[in-house]
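**Student:** Sharing model.cif, mmCIF, C-alpha atoms:
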```cif
data_data
loop_
_atom_site.group_PDB
_atom_site.id
_atom_site.type_symbol
_atom_site.label_atom_id
_atom_site.label_comp_id
_atom_site.auth_asym_id
_atom_site.auth_seq_id
_atom_site.Cartn_x
_atom_site.Cartn_y
_atom_site.Cartn_z
ATOM 1 C CA THR K 1 3.205 4.671 11.692
ATOM 2 C CA ALA K 2 4.628 1.917 9.526
ATOM 3 C CA LEU K 3 2.319 -0.912 8.489
ATOM 4 C CA THR K 4 3.571 -4.461 8.571
ATOM 5 C CA ALA K 5 2.078 -7.643 7.179
ATOM 6 C CA GLY K 6 -0.741 -9.355 9.018
ATOM 7 C CA SER K 7 -4.045 -11.072 8.319
ATOM 8 C CA ALA K 8 -5.589 -12.017 11.648
ATOM 9 C CA HIS K 9 -9.169 -10.870 11.075
ATOM 10 C CA ALA K 10 -9.325 -10.300 7.300
ATOM 11 C CA GLN K 11 -11.521 -13.307 6.677
ATOM 12 C CA ALA K 12 -14.381 -11.687 8.608
ATOM 13 C CA LEU K 13 -14.745 -8.756 6.174
ATOM 14 C CA PRO K 14 -16.389 -9.108 2.746
ATOM 15 C CA ARG K 15 -14.511 -8.369 -0.467
ATOM 16 C CA GLY K 16 -15.715 -6.102 -3.234
ATOM 17 C CA GLN K 17 -18.026 -3.894 -1.166
ATOM 18 C CA VAL K 18 -17.696 -0.918 1.154
ATOM 19 C CA VAL K 19 -17.944 -1.800 4.839
ATOM 20 C CA ASP K 20 -19.179 1.261 6.745
ATOM 21 C CA ASP K 21 -18.040 0.697 10.284
ATOM 22 C CA VAL K 22 -15.107 -1.473 11.375
ATOM 23 C CA ALA K 23 -14.096 -1.255 15.045
ATOM 24 C CA CYS K 24 -10.376 -1.307 15.790
ATOM 25 C CA ALA K 25 -9.509 -4.383 17.854
ATOM 26 C CA SER K 26 -7.241 -2.420 20.205
ATOM 27 C CA ASP K 27 -9.791 0.372 20.765
ATOM 28 C CA PRO K 28 -13.416 -0.207 19.681
ATOM 29 C CA SER K 29 -14.142 3.517 19.966
ATOM 30 C CA GLN K 30 -11.907 4.018 16.923
ATOM 31 C CA ARG K 31 -13.772 3.065 13.764
ATOM 32 C CA TYR K 32 -13.280 3.248 10.017
ATOM 33 C CA ALA K 33 -14.885 2.404 6.671
ATOM 34 C CA VAL K 34 -12.961 0.031 4.413
ATOM 35 C CA TYR K 35 -12.962 -1.445 0.913
ATOM 36 C CA LEU K 36 -11.192 -4.705 0.076
ATOM 37 C CA PRO K 37 -10.666 -5.511 -3.614
ATOM 38 C CA SER K 38 -12.745 -8.475 -4.755
ATOM 39 C CA THR K 39 -9.492 -10.317 -5.488
ATOM 40 C CA TYR K 40 -7.999 -9.735 -2.032
ATOM 41 C CA SER K 41 -6.013 -12.650 -0.650
ATOM 42 C CA PRO K 42 -3.577 -12.679 2.283
ATOM 43 C CA ASP K 43 -1.180 -14.715 0.136
ATOM 44 C CA ARG K 44 0.356 -11.531 -1.341
ATOM 45 C CA THR K 45 0.975 -7.969 -0.171
ATOM 46 C CA TRP K 46 -1.365 -5.095 -1.055
ATOM 47 C CA SER K 47 -1.072 -1.325 -1.370
ATOM 48 C CA VAL K 48 -3.099 0.612 1.186
ATOM 49 C CA LEU K 49 -4.675 4.073 1.027
ATOM 50 C CA MET K 50 -5.697 5.564 4.375
ATOM 51 C CA GLY K 51 -8.072 8.522 4.262
ATOM 52 C CA PHE K 52 -9.105 11.361 6.557
ATOM 53 C CA HIS K 53 -12.093 13.674 6.143
ATOM 54 C CA ALA K 54 -12.642 17.035 7.827
ATOM 55 C CA GLY K 55 -16.073 15.794 8.925
ATOM 56 C CA ALA K 56 -15.090 12.235 9.944
ATOM 57 C CA ARG K 57 -16.866 10.852 6.851
ATOM 58 C CA GLY K 58 -14.816 7.730 6.251
ATOM 59 C CA ARG K 59 -17.268 6.228 3.771
ATOM 60 C CA ALA K 60 -17.094 9.294 1.501
ATOM 61 C CA ILE K 61 -13.336 8.797 1.120
ATOM 62 C CA VAL K 62 -13.630 5.039 0.579
ATOM 63 C CA GLU K 63 -16.412 5.328 -2.008
ATOM 64 C CA LEU K 64 -14.429 7.901 -3.976
ATOM 65 C CA TYR K 65 -11.453 5.556 -4.381
ATOM 66 C CA GLN K 66 -13.398 2.293 -4.652
ATOM 67 C CA GLU K 67 -13.133 2.042 -8.455
ATOM 68 C CA ALA K 68 -9.394 2.764 -8.469
ATOM 69 C CA ALA K 69 -8.840 0.388 -5.558
ATOM 70 C CA GLU K 70 -10.559 -2.457 -7.377
ATOM 71 C CA ARG K 71 -8.629 -1.803 -10.578
ATOM 72 C CA TYR K 72 -5.169 -1.399 -9.054
ATOM 73 C CA GLY K 73 -5.354 -3.578 -5.966
ATOM 74 C CA TYR K 74 -5.533 -1.110 -3.086
ATOM 75 C CA ILE K 75 -7.104 -1.566 0.322
ATOM 76 C CA VAL K 76 -8.836 1.749 1.115
ATOM 77 C CA ALA K 77 -9.753 2.788 4.657
ATOM 78 C CA GLY K 78 -11.341 6.029 5.854
ATOM 79 C CA SER K 79 -11.361 7.055 9.512
ATOM 80 C CA ASN K 80 -14.742 7.742 11.123
ATOM 81 C CA ASN K 81 -13.032 9.560 14.017
ATOM 82 C CA SER K 82 -10.496 11.964 12.517
ATOM 83 C CA ARG K 83 -12.082 15.397 11.964
ATOM 84 C CA ASN K 84 -11.276 19.108 12.045
ATOM 85 C CA GLY K 85 -10.293 20.221 15.533
ATOM 86 C CA SER K 86 -7.795 18.744 17.954
ATOM 87 C CA TRP K 87 -4.666 17.196 16.417
ATOM 88 C CA ASP K 88 -4.665 14.704 19.304
ATOM 89 C CA VAL K 89 -8.002 13.286 18.106
ATOM 90 C CA SER K 90 -6.708 12.808 14.566
ATOM 91 C CA ALA K 91 -3.368 11.412 15.752
ATOM 92 C CA ALA K 92 -5.167 8.802 17.857
ATOM 93 C CA ALA K 93 -7.282 7.867 14.828
ATOM 94 C CA VAL K 94 -4.177 7.491 12.663
ATOM 95 C CA ARG K 95 -2.469 5.230 15.190
ATOM 96 C CA ALA K 96 -5.524 3.046 15.774
ATOM 97 C CA MET K 97 -6.552 2.637 12.131
ATOM 98 C CA SER K 98 -3.038 1.982 10.816
ATOM 99 C CA GLY K 99 -2.399 -0.557 13.569
ATOM 100 C CA ASP K 100 -5.679 -2.336 12.921
ATOM 101 C CA LEU K 101 -5.079 -2.503 9.164
ATOM 102 C CA ALA K 102 -1.638 -3.986 9.805
ATOM 103 C CA GLN K 103 -3.155 -6.689 12.007
ATOM 104 C CA ARG K 104 -6.007 -7.579 9.659
ATOM 105 C CA PHE K 105 -4.419 -7.443 6.222
ATOM 106 C CA THR K 106 -1.231 -8.252 4.321
ATOM 107 C CA ILE K 107 0.139 -4.786 3.598
ATOM 108 C CA ASP K 108 3.039 -3.831 1.340
ATOM 109 C CA ALA K 109 5.142 -1.573 3.607
ATOM 110 C CA GLU K 110 6.589 0.118 0.504
ATOM 111 C CA ARG K 111 3.129 1.069 -0.796
ATOM 112 C CA VAL K 112 1.431 2.959 2.044
ATOM 113 C CA TYR K 113 -0.482 6.041 0.849
ATOM 114 C CA LEU K 114 -2.523 8.711 2.607
ATOM 115 C CA THR K 115 -5.316 10.952 1.414
ATOM 116 C CA GLY K 116 -7.554 13.571 2.924
ATOM 117 C CA MET K 117 -10.171 16.215 2.290
ATOM 118 C CA SER K 118 -9.650 19.788 3.563
ATOM 119 C CA GLY K 119 -8.457 19.511 7.184
ATOM 120 C CA GLY K 120 -8.106 15.785 6.546
ATOM 121 C CA ALA K 121 -5.545 16.554 3.831
ATOM 122 C CA ARG K 122 -3.538 18.483 6.422
ATOM 123 C CA VAL K 123 -3.712 15.427 8.702
ATOM 124 C CA ALA K 124 -2.398 13.233 5.870
ATOM 125 C CA MET K 125 0.408 15.678 5.138
ATOM 126 C CA GLN K 126 1.332 15.972 8.835
ATOM 127 C CA VAL K 127 1.632 12.191 9.140
ATOM 128 C CA ALA K 128 3.669 11.912 5.926
ATOM 129 C CA LEU K 129 6.045 14.701 6.962
ATOM 130 C CA GLY K 130 6.764 12.828 10.188
ATOM 131 C CA SER K 131 7.345 9.482 8.472
ATOM 132 C CA LYS K 132 10.057 8.012 6.243
ATOM 133 C CA THR K 133 7.844 5.223 4.889
ATOM 134 C CA ILE K 134 4.837 6.969 3.281
ATOM 135 C CA ALA K 135 4.956 6.555 -0.513
ATOM 136 C CA GLY K 136 2.518 9.313 -1.425
ATOM 137 C CA VAL K 137 -0.275 11.686 -0.395
ATOM 138 C CA ILE K 138 -3.395 12.652 -2.344
ATOM 139 C CA ALA K 139 -4.269 16.051 -0.865
ATOM 140 C CA SER K 140 -7.722 17.429 -1.704
ATOM 141 C CA SER K 141 -8.580 21.087 -1.108
ATOM 142 C CA ALA K 142 -5.732 21.718 1.360
ATOM 143 C CA GLY K 143 -1.991 21.208 1.571
ATOM 144 C CA PHE K 144 0.593 21.269 4.317
ATOM 145 C CA PRO K 145 -0.537 21.480 7.951
ATOM 146 C CA ASP K 146 0.691 25.068 8.328
ATOM 147 C CA ALA K 147 -0.530 25.975 4.803
ATOM 148 C CA LYS K 148 3.053 26.954 3.887
ATOM 149 C CA PRO K 149 4.571 25.431 0.737
ATOM 150 C CA ARG K 150 7.745 23.318 0.797
ATOM 151 C CA ARG K 151 10.400 22.921 -1.879
ATOM 152 C CA GLU K 152 10.895 19.200 -1.386
ATOM 153 C CA VAL K 153 9.332 16.277 0.484
ATOM 154 C CA SER K 154 10.176 12.565 0.649
ATOM 155 C CA PHE K 155 6.809 11.398 -0.741
ATOM 156 C CA ALA K 156 4.902 11.925 -3.982
ATOM 157 C CA VAL K 157 2.090 14.512 -3.801
ATOM 158 C CA PHE K 158 -1.042 14.624 -5.950
ATOM 159 C CA GLY K 159 -3.129 17.692 -5.142
ATOM 160 C CA THR K 160 -6.714 18.436 -6.168
ATOM 161 C CA ALA K 161 -8.767 21.612 -6.007
ATOM 162 C CA GLY K 162 -11.973 22.996 -7.439
ATOM 163 C CA THR K 163 -11.959 26.169 -9.550
ATOM 164 C CA ASP K 164 -14.045 27.913 -6.865
ATOM 165 C CA ASP K 165 -12.243 26.346 -3.896
ATOM 166 C CA PHE K 166 -11.289 28.854 -1.188
ATOM 167 C CA ASN K 167 -7.954 26.991 -0.959
ATOM 168 C CA TYR K 168 -7.400 27.135 -4.728
ATOM 169 C CA LEU K 169 -4.506 29.606 -4.479
ATOM 170 C CA GLU K 170 -2.851 27.595 -1.716
ATOM 171 C CA MET K 171 -2.891 24.487 -3.906
ATOM 172 C CA ARG K 172 -1.557 26.467 -6.885
ATOM 173 C CA GLU K 173 1.290 27.778 -4.714
ATOM 174 C CA LEU K 174 2.046 24.257 -3.457
ATOM 175 C CA ASP K 175 2.274 23.120 -7.075
ATOM 176 C CA ARG K 176 4.489 26.061 -8.050
ATOM 177 C CA ARG K 177 6.977 25.714 -5.194
ATOM 178 C CA LEU K 178 7.326 21.941 -4.839
ATOM 179 C CA THR K 179 10.225 20.448 -6.822
ATOM 180 C CA SER K 180 9.941 16.777 -5.734
ATOM 181 C CA PRO K 181 7.444 14.562 -7.664
ATOM 182 C CA HIS K 182 4.001 16.162 -7.596
ATOM 183 C CA ARG K 183 0.992 16.991 -9.711
ATOM 184 C CA LEU K 184 -2.067 19.223 -9.314
ATOM 185 C CA ALA K 185 -5.481 18.449 -10.836
ATOM 186 C CA ILE K 186 -7.997 21.298 -11.078
ATOM 187 C CA PHE K 187 -11.665 20.483 -11.657
ATOM 188 C CA SER K 188 -14.833 22.527 -12.004
ATOM 189 C CA GLY K 189 -16.301 22.892 -8.501
ATOM 190 C CA GLY K 190 -15.764 24.245 -5.026
ATOM 191 C CA HIS K 191 -14.244 23.073 -1.754
ATOM 192 C CA GLN K 192 -15.078 19.401 -2.175
ATOM 193 C CA LEU K 193 -13.773 15.936 -2.912
ATOM 194 C CA PRO K 194 -12.757 15.553 -6.564
ATOM 195 C CA PRO K 195 -14.790 13.635 -9.152
ATOM 196 C CA THR K 196 -14.175 9.879 -9.411
ATOM 197 C CA ALA K 197 -12.242 10.377 -12.654
ATOM 198 C CA VAL K 198 -9.738 12.622 -10.862
ATOM 199 C CA ALA K 199 -9.425 10.102 -8.017
ATOM 200 C CA LEU K 200 -8.620 7.427 -10.610
ATOM 201 C CA ASP K 201 -6.046 9.744 -12.220
ATOM 202 C CA ALA K 202 -4.453 10.254 -8.804
ATOM 203 C CA VAL K 203 -4.053 6.528 -8.161
ATOM 204 C CA GLU K 204 -2.741 5.915 -11.690
ATOM 205 C CA TRP K 205 -0.213 8.715 -11.176
ATOM 206 C CA MET K 206 0.877 7.065 -7.913
ATOM 207 C CA GLU K 207 1.352 3.805 -9.851
ATOM 208 C CA LEU K 208 3.713 5.619 -12.231
ATOM 209 C CA GLN K 209 5.621 7.125 -9.310
ATOM 210 C CA ALA K 210 5.904 3.698 -7.675
ATOM 211 C CA MET K 211 7.439 2.281 -10.859
ATOM 212 C CA LYS K 212 9.919 5.162 -11.101
ATOM 213 C CA ALA K 213 10.886 4.752 -7.431
ATOM 214 C CA LYS K 214 11.159 0.958 -7.845
ATOM 215 C CA ARG K 215 8.423 0.371 -5.276
ATOM 216 C CA ARG K 216 6.747 -1.905 -7.834
ATOM 217 C CA HIS K 217 7.747 -3.641 -11.087
ATOM 218 C CA VAL K 218 7.458 -1.693 -14.323
ATOM 219 C CA ASP K 219 4.265 -2.726 -16.103
ATOM 220 C CA GLN K 220 5.038 -1.618 -19.650
ATOM 221 C CA ALA K 221 1.497 -2.253 -20.892
ATOM 222 C CA LEU K 222 0.128 0.050 -18.171
ATOM 223 C CA VAL K 223 2.779 2.694 -18.898
ATOM 224 C CA ASP K 224 1.914 2.607 -22.607
ATOM 225 C CA ARG K 225 -1.832 2.843 -21.947
ATOM 226 C CA LEU K 226 -1.475 5.804 -19.579
ATOM 227 C CA PHE K 227 0.993 7.528 -21.907
ATOM 228 C CA THR K 228 -1.401 7.227 -24.847
ATOM 229 C CA ALA K 229 -4.277 8.627 -22.760
ATOM 230 C CA ARG K 230 -2.146 11.547 -21.624
ATOM 231 C CA GLN K 231 -1.046 12.294 -25.208
ATOM 232 C CA GLN K 232 -4.702 12.496 -26.206
ATOM 233 C CA SER K 233 -5.348 14.864 -23.285
ATOM 234 C CA VAL K 234 -2.510 17.132 -24.443
ATOM 235 C CA ARG K 235 -3.828 17.177 -28.001
ATOM 236 C CA GLY K 236 -7.335 17.891 -26.736
ATOM 237 C CA ALA K 237 -6.141 21.021 -24.934
ATOM 238 C CA GLY K 238 -4.488 22.388 -28.078
ATOM 239 C CA GLU K 239 -2.058 25.312 -28.030
ATOM 240 C CA THR K 240 -3.347 26.778 -24.764
ATOM 241 C CA PRO K 241 -1.811 27.354 -21.314
ATOM 242 C CA ALA K 242 -3.597 24.168 -20.168
ATOM 243 C CA GLY K 243 -2.036 22.289 -23.069
ATOM 244 C CA VAL K 244 1.428 23.495 -22.061
ATOM 245 C CA GLU K 245 0.812 22.422 -18.453
ATOM 246 C CA ARG K 246 -0.348 18.984 -19.568
ATOM 247 C CA LEU K 247 2.650 18.551 -21.852
ATOM 248 C CA GLU K 248 5.095 19.536 -19.084
ATOM 249 C CA ALA K 249 3.364 17.109 -16.707
ATOM 250 C CA LEU K 250 3.554 14.310 -19.283
ATOM 251 C CA VAL K 251 7.309 14.836 -19.684
ATOM 252 C CA ALA K 252 7.854 14.885 -15.905
ATOM 253 C CA ASP K 253 5.707 11.821 -15.231
ATOM 254 C CA PHE K 254 7.020 9.528 -17.974
ATOM 255 C CA THR K 255 10.722 10.423 -18.070
ATOM 256 C CA GLY K 256 12.576 7.252 -17.123
ATOM 257 C CA LEU K 257 9.674 4.980 -18.106
#
```
What is this file in structure tokens?
**Tutor:**
Amino acid sequence: TALTAGSAHAQALPRGQVVDDVACASDPSQRYAVYLPSTYSPDRTWSVLMGFHAGARGRAIVELYQEAAERYGYIVAGSNNSRNGSWDVSAAAVRAMSGDLAQRFTIDAERVYLTGMSGGARVAMQVALGSKTIAGVIASSAGFPDAKPRREVSFAVFGTAGTDDFNYLEMRELDRRLTSPHRLAIFSGGHQLPPTAVALDAVEWMELQAMKAKRRHVDQALVDRLFTARQQSVRGAGETPAGVERLEALVADFTGL
């Protein structure tokens, strides 16, 4: 579902804080949590990140990306209806939430992103695979809806997985097979949402991809800052397999910038 610009009801929602429960105007049974950056104004377009959780925990998604959203100007929304189970339930949540966001806020149609946790990641991937307008997906602890890797997709993919995640190998295989822009972040933990630092890395990586794809202007100061941080990360890993992975990722992410 493509989002278009709108701002009908934005004034009613506070900026700079998580709102737990917003009812969709077209269907009040469909609800979502949302975060608007403190600087939000309908006078310009904004990136949007729509999230889906296996347990319909919209706030958990929104809180995770709140810091990144404030820093980089994203509206973040997490469905309180989409959950593991029937695809029809999740599809209805996607339609309702995306339509409501388009009515309420001024959305940049070139900067629509999806994220999800576990089964919610599969929902995000399913939507992106069926769309030509999604810029990127942040997939946590699960990949494609059929769990089978692809060689190429039309959107950028940032995957996350814990070291003890039961989908760890699936995410490693996704990373190994995918040739279009992608990255995988592994953290210490299980089948869970990533730490806030990883969520921030994911959004910053999407900013780089947006510059490379000409979805946004090249911010050279931001590129330089992220490049310096990544160089330090490579040095910190030393001459180890992790260091090699980080160096390869740095080359892939910054070539052309």
**Student:** Identify the residues around (-12.4, 1.8, 1.1) within a radius of 6 Å, measuring from only C-alpha atoms in the coordinates stated by the file, and give them as a PyMOL selection string.
**Tutor:** chain K and resi 18+34-35+62+66+76-77
**Student:** Please provide as number ranges by chain all residues within 10 Å of range 198-207 of chain K, with the sequence filter that same-chain residues fewer than 2 positions apart are discarded (counting all atoms listed in the file).
**Tutor:** K: 49, 64-69, 71-72, 74, 111, 113, 135-140, 156-160, 181-187, 193-196, 209-213, 215-219, 222-223, 226, 253-254
**Student:** Could you work out an axis-aligned bounding box for all listed atoms of range 21-24 of chain K, with 3 Å added on each of the six sides, and give its centre and edge lengths in Å to one decimal, as lines of an AutoDock Vina configuration file?
**Tutor:**
```
center_x = -14.2
center_y = -0.4
center_z = 13.0
size_x = 13.7
size_y = 8.2
size_z = 11.5
```
**Student:** For the structure shown, which residues end up in the PyMOL selection byres ((chain K and resi 145-154) around 10)? Put them as an mmCIF file with C-alpha atoms, in the coordinates of the input, please?
**Tutor:**
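Final file, out26.cif:
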```cif
data_model
loop_
_atom_site.group_PDB
_atom_site.id
_atom_site.type_symbol
_atom_site.label_atom_id
_atom_site.label_comp_id
_atom_site.auth_asym_id
_atom_site.auth_seq_id
_atom_site.Cartn_x
_atom_site.Cartn_y
_atom_site.Cartn_z
ATOM 1 C CA GLY K 119 -8.457 19.511 7.184
ATOM 2 C CA GLY K 120 -8.106 15.785 6.546
ATOM 3 C CA ALA K 121 -5.545 16.554 3.831
ATOM 4 C CA ARG K 122 -3.538 18.483 6.422
ATOM 5 C CA VAL K 123 -3.712 15.427 8.702
ATOM 6 C CA ALA K 124 -2.398 13.233 5.870
ATOM 7 C CA MET K 125 0.408 15.678 5.138
ATOM 8 C CA GLN K 126 1.332 15.972 8.835
ATOM 9 C CA VAL K 127 1.632 12.191 9.140
ATOM 10 C CA ALA K 128 3.669 11.912 5.926
ATOM 11 C CA LEU K 129 6.045 14.701 6.962
ATOM 12 C CA SER K 131 7.345 9.482 8.472
ATOM 13 C CA LYS K 132 10.057 8.012 6.243
ATOM 14 C CA THR K 133 7.844 5.223 4.889
ATOM 15 C CA ILE K 134 4.837 6.969 3.281
ATOM 16 C CA ALA K 135 4.956 6.555 -0.513
ATOM 17 C CA GLY K 136 2.518 9.313 -1.425
ATOM 18 C CA ALA K 142 -5.732 21.718 1.360
ATOM 19 C CA GLY K 143 -1.991 21.208 1.571
ATOM 20 C CA PHE K 144 0.593 21.269 4.317
ATOM 21 C CA PHE K 155 6.809 11.398 -0.741
ATOM 22 C CA ALA K 156 4.902 11.925 -3.982
ATOM 23 C CA VAL K 157 2.090 14.512 -3.801
ATOM 24 C CA ASN K 167 -7.954 26.991 -0.959
ATOM 25 C CA GLU K 170 -2.851 27.595 -1.716
ATOM 26 C CA MET K 171 -2.891 24.487 -3.906
ATOM 27 C CA ARG K 172 -1.557 26.467 -6.885
ATOM 28 C CA GLU K 173 1.290 27.778 -4.714
ATOM 29 C CA LEU K 174 2.046 24.257 -3.457
ATOM 30 C CA ASP K 175 2.274 23.120 -7.075
ATOM 31 C CA ARG K 176 4.489 26.061 -8.050
ATOM 32 C CA ARG K 177 6.977 25.714 -5.194
ATOM 33 C CA LEU K 178 7.326 21.941 -4.839
ATOM 34 C CA THR K 179 10.225 20.448 -6.822
ATOM 35 C CA SER K 180 9.941 16.777 -5.734
ATOM 36 C CA PRO K 181 7.444 14.562 -7.664
ATOM 37 C CA HIS K 182 4.001 16.162 -7.596
#
```
**Student:** Counting all atoms listed in the file, which of K:Ser26, K:Ser90, K:Thr39, K:Arg230 gets nearest to Gly243 in chain K?
**Tutor:**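 Of K:Ser26, K:Ser90, K:Thr39, K:Arg230, the one nearest Gly243 in chain K, counting all atoms listed in the file, is K:Arg230.
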**Student:** Rank K:Gly73, K:Gly130, K:Pro42, K:Gly236 by their smallest atom-to-atom distance to Ala102 in chain K, using all atoms listed in the file, and report the top residue only.
**Tutor:**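 Answer, going by the shortest atom-to-atom distance: K:Pro42.
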**Student:** Might you spell out which residues the PyMOL selection byres ((chain K and resi 37) around 6) would select in the displayed file, as a PyMOL selection string?
**Tutor:** chain K and resi 15-16+36+38-40+70
**Student:** What would range 190-198 of chain K look like with all heavy atoms in place, written as a CSV table (one decimal), keeping the file's coordinate frame?
**Tutor:**
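Ended up saving to selection-v6.csv:
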```
chain,number,residue,atom,x,y,z
K,190,GLY,N,-16.2,23.5,-6.2
K,190,GLY,CA,-15.8,24.2,-5.0
K,190,GLY,C,-14.8,23.5,-4.1
K,190,GLY,O,-14.0,22.7,-4.5
K,191,HIS,N,-15.1,23.7,-2.8
K,191,HIS,CA,-14.2,23.1,-1.8
K,191,HIS,C,-14.9,21.7,-1.5
K,191,HIS,O,-15.7,21.6,-0.6
K,191,HIS,CB,-14.3,24.0,-0.5
K,191,HIS,CG,-13.3,23.5,0.6
K,191,HIS,ND1,-12.0,23.6,0.5
K,191,HIS,CD2,-13.5,23.0,1.8
K,191,HIS,CE1,-11.4,23.2,1.6
K,191,HIS,NE2,-12.3,22.8,2.4
K,192,GLN,N,-14.4,20.7,-2.2
K,192,GLN,CA,-15.1,19.4,-2.2
K,192,GLN,C,-14.1,18.3,-2.6
K,192,GLN,O,-13.1,18.6,-3.2
K,192,GLN,CB,-16.3,19.4,-3.1
K,192,GLN,CG,-15.9,19.6,-4.6
K,192,GLN,CD,-17.1,20.0,-5.4
K,192,GLN,OE1,-17.6,21.2,-5.4
K,192,GLN,NE2,-17.6,19.0,-6.2
K,193,LEU,N,-14.5,17.1,-2.4
K,193,LEU,CA,-13.8,15.9,-2.9
K,193,LEU,C,-13.8,16.0,-4.4
K,193,LEU,O,-14.8,16.4,-5.0
K,193,LEU,CB,-14.4,14.6,-2.4
K,193,LEU,CG,-14.1,14.2,-1.0
K,193,LEU,CD1,-14.9,13.1,-0.5
K,193,LEU,CD2,-12.6,13.9,-0.8
K,194,PRO,N,-12.8,15.5,-5.1
K,194,PRO,CA,-12.8,15.6,-6.6
K,194,PRO,C,-13.7,14.5,-7.2
K,194,PRO,O,-14.1,13.6,-6.5
K,194,PRO,CB,-11.3,15.2,-6.9
K,194,PRO,CG,-10.9,14.3,-5.8
K,194,PRO,CD,-11.6,14.9,-4.5
K,195,PRO,N,-14.0,14.7,-8.5
K,195,PRO,CA,-14.8,13.6,-9.2
K,195,PRO,C,-14.0,12.3,-9.2
K,195,PRO,O,-12.8,12.3,-9.0
K,195,PRO,CB,-14.9,14.2,-10.6
K,195,PRO,CG,-14.6,15.7,-10.5
K,195,PRO,CD,-13.7,15.8,-9.3
K,196,THR,N,-14.8,11.2,-9.4
K,196,THR,CA,-14.2,9.9,-9.4
K,196,THR,C,-13.1,9.8,-10.5
K,196,THR,O,-12.1,9.1,-10.2
K,196,THR,CB,-15.3,8.8,-9.7
K,196,THR,OG1,-16.3,8.9,-8.7
K,196,THR,CG2,-14.7,7.4,-9.7
K,197,ALA,N,-13.3,10.4,-11.6
K,197,ALA,CA,-12.2,10.4,-12.7
K,197,ALA,C,-10.9,11.0,-12.2
K,197,ALA,O,-9.8,10.5,-12.5
K,197,ALA,CB,-12.7,11.1,-13.9
K,198,VAL,N,-11.0,12.0,-11.4
K,198,VAL,CA,-9.7,12.6,-10.9
K,198,VAL,C,-9.1,11.7,-9.8
K,198,VAL,O,-7.9,11.6,-9.8
K,198,VAL,CB,-10.0,14.0,-10.3
K,198,VAL,CG1,-8.8,14.6,-9.6
K,198,VAL,CG2,-10.5,15.0,-11.4
```
